[in-house]
Amino acid sequence: MAFKPASFTKPVTDFWSRLSLVWRLVVVTAVLIITTAIIQAAAVLGVSSYVASGLEGQRVDSRLRAASRHISTHIEEFRKVPLILASTPPVSRIVDHDEPDAASQPGDLAIWRRHLGAMFRSIIMADPSLQQARLIGISDGGREIVRVARTRAGVEMVSEANLERKSEQAYFQTTIRLSAGDVYMSPVDLSVDTGVIEHPAQPIILAATPVFTPTGELFGIITVCAAPDVWMRNLADLAGFSKRFMAANHTGDYVHRFEGGSEVALDGHASSGVQTDWPELAPIFKADGPDTMTIHEDGHMVSASRIKFNPGEPSQFIVLATDSDTTGAFGDPWRLVLLGLILALALAVVGVIAAYLVIRPLKSLTSAAREIAAGGSETPAADKPAVPPEVGEIGEALRIMKEAVTTRDNSLRSSEAQLRAIVDNTLDGLITIDRASVIRHYNPACETIFGYTESEALGQNVTLLMPSADAAEHIGAMEHYLRTGEGNVIGVRRELTGRHKSGHLIDIELAVAEITVENEVLFSGVIRDITERKRIDRLKSEFVSTVTHELRTPLTSILGSLGLLRAGKVGELPDKAARMISLAHDNGQRLANLINDILDIDRLEAGAMEFTQTRENLRALIELGAERLAKEAEAQGVSIELKDVPADIELDTDRDRLSQVLWNLLSNAVKFSPAGGTVRVQAQKSGANVCVTVSDEGPGISDEFRPRIFQKFAQADSSDTRLKGGTGLGLSITKAIVERLGGRIGFDSVPGSGARFYFVLPARAVQSEESRQREVTAFHEDAARDKPRSGARPRVLHVEKDADTSAVLGEIIADVADMTSVRTLQEACCELSEQRFDLVILDSSPEGPMATRILQALTHHDGRMPRVLIYSVDEAPVLAGDFVSRRLVKSRTDILALKSHITEMLQEPDPEIKRSA
């Protein structure tokens with residue numbers, strides 16, 4: 001029978017047509033693999049070893065990079081810890097306590113040390129790697145102020161008796177030379193502090209930052225120690241290192257060892273260092289060595305990478321290294337060839353299974369990727385058997401991504417725990433609200449201040465913590481700020497009133513900052529309870545006011561009597577008695593000045609000091625001040641020179657306050673000038689301002705005293721300076737008055753070459769000389785017309801509750817006028833209705849109905865009234881429609897000045913009273 005090709009190929013054709021596309025691919029692939037298997041075998045023998053080694057190198061490098069990122073993340077978070085601690089309130093309070101003008105009590109330091117110790121303990125307990133935290137001062141040989149350390153017994157605060165001095169340590173000397181915000185990182189070492197290696201050895205890394213006072217002076221340093229081996233625990237498993245893995249410092253000392261599937265304890269002996277166990281890695285430990293190394297030998301591959309954690313010291317680093325077996329990466333080459341042939345044959349039978357096996361890992365990888373995105377921990381498909389290399393690489397990438405995400409999550413959790421410990425332990429209240437004023441964050445300190453618990457406050461409107469009146473104002477201010485961006489609250493400390501849960505009001509200090517979190521605008525506030533401070537301030541003010549007011553009246557009588565004796569009004573005194581009277585009078589005047597200064601400071605701080613604007617000639621005021629000081633300057637051998645003070649400068653100012661400023665500056669200059677010295681006063685107009693300068697030839701102002709010169713009760717520390725006397729309030733009062741007058745004050749000084757104080761006030765245009773002359777002529781014409789008749793003795797009515805003061809005043813003016821004394825304004829009205837007086841002296845300013853009544857009693861039938869002088873304990877206020885000619889304060893006016901005022905006023909015309917129709 002003849003052979004027919006068509007009948008021979010038909011079964012094959014029918015079989016091929018019944019195959020699916022997958023099976024057709026399997027058959028073709030099987031034939032091609034079988035055909036080329038022998039050709040490929042020779043090539044596989046040559047390149048399989050190289051390929052296996054390269055793939056293994058890539059995997060090892062990838063794992064080393066993941067391990068390096070893990071360590072670098074921990075180091076970067078550790079670097080932030082001392083900066084966070086340095087900005088906490090306990091550190092600020094301890095630093096403030098060390099300031100010379102600190103108002104803290106001696107026991108406050110111990111309290112703040114305990115608070116800081118509690119904060120150190122919370123942070124160390126929250127992070128297992130932290131071993132020790134310290135605050136070290138620069139004084140007393142760098143003695144530790146607070147130290148908290150982790151021991152076998154737990155985390156403990158070291159007693160004060162066991163605190164040590166650290167000024168000789170290298171990290172201390174390096175850190176104190178840093179600027180604010182800089183951090184010193186020590187090398188990783190088995191012992192940073194004592195120089196003695198304990199067994200088992202404990203690697204340590206130290207971070208430190210300097211702490212400065214508010215004035216910028218170095219106070220000390222904050223140090224934190226961590227055990228880097230804690231960061232590396234389980235790192236071998238996480239990175240997939242199954243054989244040898246180690247971490248070492250820049251000198252080759254082990255920081256972490258993993259061999260044979262378990263961690264190896266460190267003994268700290270030089271004989272067991274990396275130089276001995278890993279000699280092939282010697283180049284990477286050199287300062288100029290490579291950052292990575294890979295060494296192939298005898299079927300092994302040693303890979304190493306170093307982490308530079310200190311930018312300022314590139315020679316300090318940590319080296320990570322692993323030793324892997326490359327011969328077993330893909331098996332023996334001959335066995336690979338045999339396996340390829342077997343697989344080629346098997347593909348024809350198991351093609352469908354192969355297709356399924358390709359699809360299944362892809363599904364597994366998809367599932368693992370979704371699990372990682374959701375924060376789960378499913379193992380990627382690369383770790384499962386029977387996975388193609390391409391799919392395995394994808395699985396490896398997913399596994400590395402999972403490790404990076406896990407590391408970042410752990411770091412975030414650690415940072416969050418540290419921040420939570422700081423916020424929960426601070427003594428200031430921290431509160432955050434959103435644009436709708438709803439409370440979003442509320443720390444434990446707020447619970448203490450307001451009485452509401454966190455659960456009660458969260459979600460509530462912040463007006464819950466305000467009085468009703470302030471709540472409405474807050475809502476309006478918030479709406480205005482959100483609409484316009486204008487407001488005076490952000491970034492400003494303000495004293496406000498809060499409402500406690502019990503309903504009572506509390507005084508608080510609030511500072512608000514605007515922050516943006518995930519594109520949401522929030523407002524964060526720092527709240528401090530100042531109720532007790534306010535109460536103490538009120539008590540102090542009340543006490544000062546009461547004491548000074550009670551002292552002024554008897555002091556006036558004392559000074560007046562002493563002045564009469566001193567002036568010889570009661571007869572000549574023996575020289576010794578006259579000296580004692582002068583001494584008593586001078587010291588009494590010093591006491592009066594102190595009382596005046598204290599009351600001025602009190603009124604300035606309370607905003608109660610009144611300022612009356614009048615047009616004044618500057619040169620006249622300066623000449624008046626120089627004249628008042630002439631006697632004192634002459635006694636000290638000092639001359640006062642008015643140099644370049646134009647006569648045509650006029651100001652709209654308060655005459656008495658500006659005179660007080662000039663007196664303080666001139667008296668200081670005279671007081672500190674040497675015998676034979678000259679005090680020079682200059683004034684010049686510059687644009688819209690006038691600058692007045694007072695210079696002396698004294699010792700000048702030391703650099704140490706400059707920052708405190710305008711503070712209350714501030715005096716230079718020199719014993720020669722203190723001998724000059726004074727209250728230390730004059731310059732503080734002067735600065736406050738100048739600023740209230742719309743000006744500014746400053747000084748220049750070179751120690752040993754005198755001082756120059758200057759102040760600048762707004763200027764005013766000068767009145768023409770012709771207009772001035774017309775006013776002067778009119779004044780003198782009125783005075784001549786209304787001057788009392790020749791030969792008529794002036795009559796004075798004195799209203800004074802204190803009989804002693806009245807008696808002294810009667811003696812003072814006995815030679816110029818007849819005086820009638822009464823004790824009350826009612827009695828004065830009776831006297832005025834019966835007799836006519838040329839001058840009325842009141843001991844207080846009448847207000848309300850009494851002011852109207854006394855004005856009616858003062859008015860004469862001819863439409864004129866006597867001059868009125870207020871001679872009172874306190875400064876009399878200027879009232880609308882006031883009829884008072886002059887106001888004098890008893891403790892500021894001596895008897896000669898008082899008599900001069902009275903004599904001048906008796907020569908002035910009585911003011912006219914304009915009557916309505």
# chains A, B, ... in the order shown; residues from 1 in each chain; ligands from 1
>>> residues_around(residues="Met609 in chain A", least_positions_apart="2", cutoff="10 Å", atoms="only C-alpha atoms", output="count of residues only")
15
>>> residues_around(residues="Met293 in chain A", least_positions_apart="4", cutoff="7 Å", atoms="only C-alpha atoms", output="number ranges by chain")
A: 303-305
>>> select_by_dssp(residues="range 729-767 of chain A", states="strand (DSSP E or B)", output="number ranges by chain")
A: 744-749, 755-762, 764
>>> closest_residue(among="A:Ser92, A:Thr614, A:Thr805, A:Asn664", to="Pro554 in chain A", atoms="only C-alpha atoms")
A:Thr805
>>> residues_around(residues="Ser502 in chain A", least_positions_apart="3", cutoff="10 Å", atoms="only C-alpha atoms", output="list in words")
Phe450, Gly451, Tyr452, Arg499 and Leu505 of chain A
>>> write_last_selection(atoms="C-alpha atoms", output="CSV table (one decimal), in the first residue's frame")
chain,number,residue,atom,x,y,z
A,450,PHE,CA,-10.3,75.3,84.1
A,451,GLY,CA,-11.6,72.3,86.0
A,452,TYR,CA,-13.1,70.6,82.9
A,499,ARG,CA,-14.1,81.0,83.7
A,505,LEU,CA,-13.3,83.8,87.3
>>> closest_residue(among="A:Cys225, A:Cys830, A:Met819, A:Val670", to="Ala755 in chain A", atoms="only C-alpha atoms")
A:Val670
>>> residues_around(residues="range 71-79 of chain A", least_positions_apart="5", cutoff="10 Å", atoms="only C-alpha atoms", output="ChimeraX atom specification")
/A:65-66,84,127,129-130,182-185,205-209,224-226,228-229,231-232,235,307-310,318,320,407-408,410-412,414-415
>>> residues_around(residues="Lys685 in chain A", least_positions_apart="3", cutoff="10 Å", atoms="only C-alpha atoms", output="NGL selection string")
:A and (645-646 or 649 or 688-692 or 760-764)
>>> write_last_selection(atoms="N, CA, C and O atoms", output="PDB file, in the first residue's frame")
ATOM      1  N   VAL A 645      21.458 125.427  73.417  1.00  0.00           N
ATOM      2  CA  VAL A 645      20.040 125.205  73.718  1.00  0.00           C
ATOM      3  C   VAL A 645      19.282 126.411  73.173  1.00  0.00           C
ATOM      4  O   VAL A 645      19.237 127.468  73.814  1.00  0.00           O
ATOM      5  N   PRO A 646      18.703 126.333  71.979  1.00  0.00           N
ATOM      6  CA  PRO A 646      18.008 127.481  71.384  1.00  0.00           C
ATOM      7  C   PRO A 646      16.860 127.957  72.270  1.00  0.00           C
ATOM      8  O   PRO A 646      16.207 127.170  72.951  1.00  0.00           O
ATOM      9  N   ILE A 649      12.645 127.019  70.913  1.00  0.00           N
ATOM     10  CA  ILE A 649      12.037 125.686  70.780  1.00  0.00           C
ATOM     11  C   ILE A 649      10.898 125.569  71.787  1.00  0.00           C
ATOM     12  O   ILE A 649      11.095 125.728  72.992  1.00  0.00           O
ATOM     13  N   ALA A 688      10.703 116.996  62.652  1.00  0.00           N
ATOM     14  CA  ALA A 688       9.525 117.110  63.506  1.00  0.00           C
ATOM     15  C   ALA A 688       9.829 116.769  64.952  1.00  0.00           C
ATOM     16  O   ALA A 688       8.914 116.671  65.770  1.00  0.00           O
ATOM     17  N   ASN A 689      11.101 116.575  65.312  1.00  0.00           N
ATOM     18  CA  ASN A 689      11.466 116.143  66.649  1.00  0.00           C
ATOM     19  C   ASN A 689      12.464 117.105  67.289  1.00  0.00           C
ATOM     20  O   ASN A 689      13.146 117.863  66.607  1.00  0.00           O
ATOM     21  N   VAL A 690      12.517 117.028  68.615  1.00  0.00           N
ATOM     22  CA  VAL A 690      13.505 117.771  69.388  1.00  0.00           C
ATOM     23  C   VAL A 690      14.301 116.763  70.206  1.00  0.00           C
ATOM     24  O   VAL A 690      13.723 115.892  70.859  1.00  0.00           O
ATOM     25  N   CYS A 691      15.629 116.868  70.167  1.00  0.00           N
ATOM     26  CA  CYS A 691      16.503 115.968  70.915  1.00  0.00           C
ATOM     27  C   CYS A 691      17.216 116.759  72.001  1.00  0.00           C
ATOM     28  O   CYS A 691      17.830 117.796  71.735  1.00  0.00           O
ATOM     29  N   VAL A 692      17.114 116.263  73.254  1.00  0.00           N
ATOM     30  CA  VAL A 692      17.783 116.886  74.394  1.00  0.00           C
ATOM     31  C   VAL A 692      18.840 115.906  74.902  1.00  0.00           C
ATOM     32  O   VAL A 692      18.551 114.720  75.095  1.00  0.00           O
ATOM     33  N   VAL A 760      14.187 112.049  72.844  1.00  0.00           N
ATOM     34  CA  VAL A 760      13.631 112.691  71.659  1.00  0.00           C
ATOM     35  C   VAL A 760      12.131 112.819  71.843  1.00  0.00           C
ATOM     36  O   VAL A 760      11.453 111.840  72.171  1.00  0.00           O
ATOM     37  N   LEU A 761      11.593 114.050  71.645  1.00  0.00           N
ATOM     38  CA  LEU A 761      10.160 114.322  71.764  1.00  0.00           C
ATOM     39  C   LEU A 761       9.671 115.033  70.509  1.00  0.00           C
ATOM     40  O   LEU A 761      10.448 115.690  69.812  1.00  0.00           O
ATOM     41  N   PRO A 762       8.371 114.918  70.210  1.00  0.00           N
ATOM     42  CA  PRO A 762       7.836 115.657  69.054  1.00  0.00           C
ATOM     43  C   PRO A 762       7.990 117.158  69.251  1.00  0.00           C
ATOM     44  O   PRO A 762       7.788 117.683  70.347  1.00  0.00           O
ATOM     45  N   ALA A 763       8.362 117.899  68.187  1.00  0.00           N
ATOM     46  CA  ALA A 763       8.552 119.346  68.258  1.00  0.00           C
ATOM     47  C   ALA A 763       7.263 120.079  67.910  1.00  0.00           C
ATOM     48  O   ALA A 763       6.283 119.486  67.481  1.00  0.00           O
ATOM     49  N   ARG A 764       7.281 121.412  68.117  1.00  0.00           N
ATOM     50  CA  ARG A 764       6.130 122.251  67.770  1.00  0.00           C
ATOM     51  C   ARG A 764       6.649 123.564  67.195  1.00  0.00           C
ATOM     52  O   ARG A 764       7.695 124.060  67.595  1.00  0.00           O
TER      53      ARG A 764
END
>>> residues_around(residues="range 566-577 of chain A", least_positions_apart="2", cutoff="12 Å", atoms="only C-alpha atoms", output="list of chain:residue names")
A:Ile558, A:Leu559, A:Gly560, A:Ser561, A:Leu562, A:Gly563, A:Leu564, A:Arg579, A:Met580, A:Ile581, A:Ser582, A:Leu583, A:Ala584, A:His585, A:Asp586, A:Val808, A:Gly810, A:Glu811, A:Ile812, A:Ile813, A:Ala814, A:Asp815, A:Asp894, A:Ile895, A:Leu896
>>> atom_distance(atom1="CA of Glu479 in chain A", atom2="CA of Val512 in chain A")
15.9 Å
>>> residues_around(residues="Gln826 in chain A", least_positions_apart="3", cutoff="12 Å", atoms="only C-alpha atoms", output="MDAnalysis selection string")
chainID A and resid 799:800 822:823 829:833 842 846 849:851 853:854 857
>>> write_last_selection(atoms="C-alpha atoms", output="PDB file, in the first residue's frame")
ATOM      1  CA  VAL A 799      -8.213 124.114 104.203  1.00  0.00           C
ATOM      2  CA  GLU A 800      -6.179 121.321 105.904  1.00  0.00           C
ATOM      3  CA  VAL A 822     -10.264 125.426 108.581  1.00  0.00           C
ATOM      4  CA  ARG A 823     -10.441 121.643 108.496  1.00  0.00           C
ATOM      5  CA  CYS A 829     -17.637 127.672 102.223  1.00  0.00           C
ATOM      6  CA  CYS A 830     -18.871 129.388 105.396  1.00  0.00           C
ATOM      7  CA  GLU A 831     -15.704 131.500 105.661  1.00  0.00           C
ATOM      8  CA  LEU A 832     -15.845 132.457 101.983  1.00  0.00           C
ATOM      9  CA  SER A 833     -19.464 133.574 102.315  1.00  0.00           C
ATOM     10  CA  LEU A 842      -6.991 123.326  99.499  1.00  0.00           C
ATOM     11  CA  PRO A 846     -13.129 119.032  95.160  1.00  0.00           C
ATOM     12  CA  PRO A 849     -21.532 118.695  94.055  1.00  0.00           C
ATOM     13  CA  MET A 850     -18.827 119.977  96.420  1.00  0.00           C
ATOM     14  CA  ALA A 851     -16.895 121.388  93.432  1.00  0.00           C
ATOM     15  CA  ARG A 853     -20.572 124.594  95.919  1.00  0.00           C
ATOM     16  CA  ILE A 854     -16.971 125.718  96.502  1.00  0.00           C
ATOM     17  CA  ALA A 857     -18.499 130.366  97.392  1.00  0.00           C
TER      18      ALA A 857
END
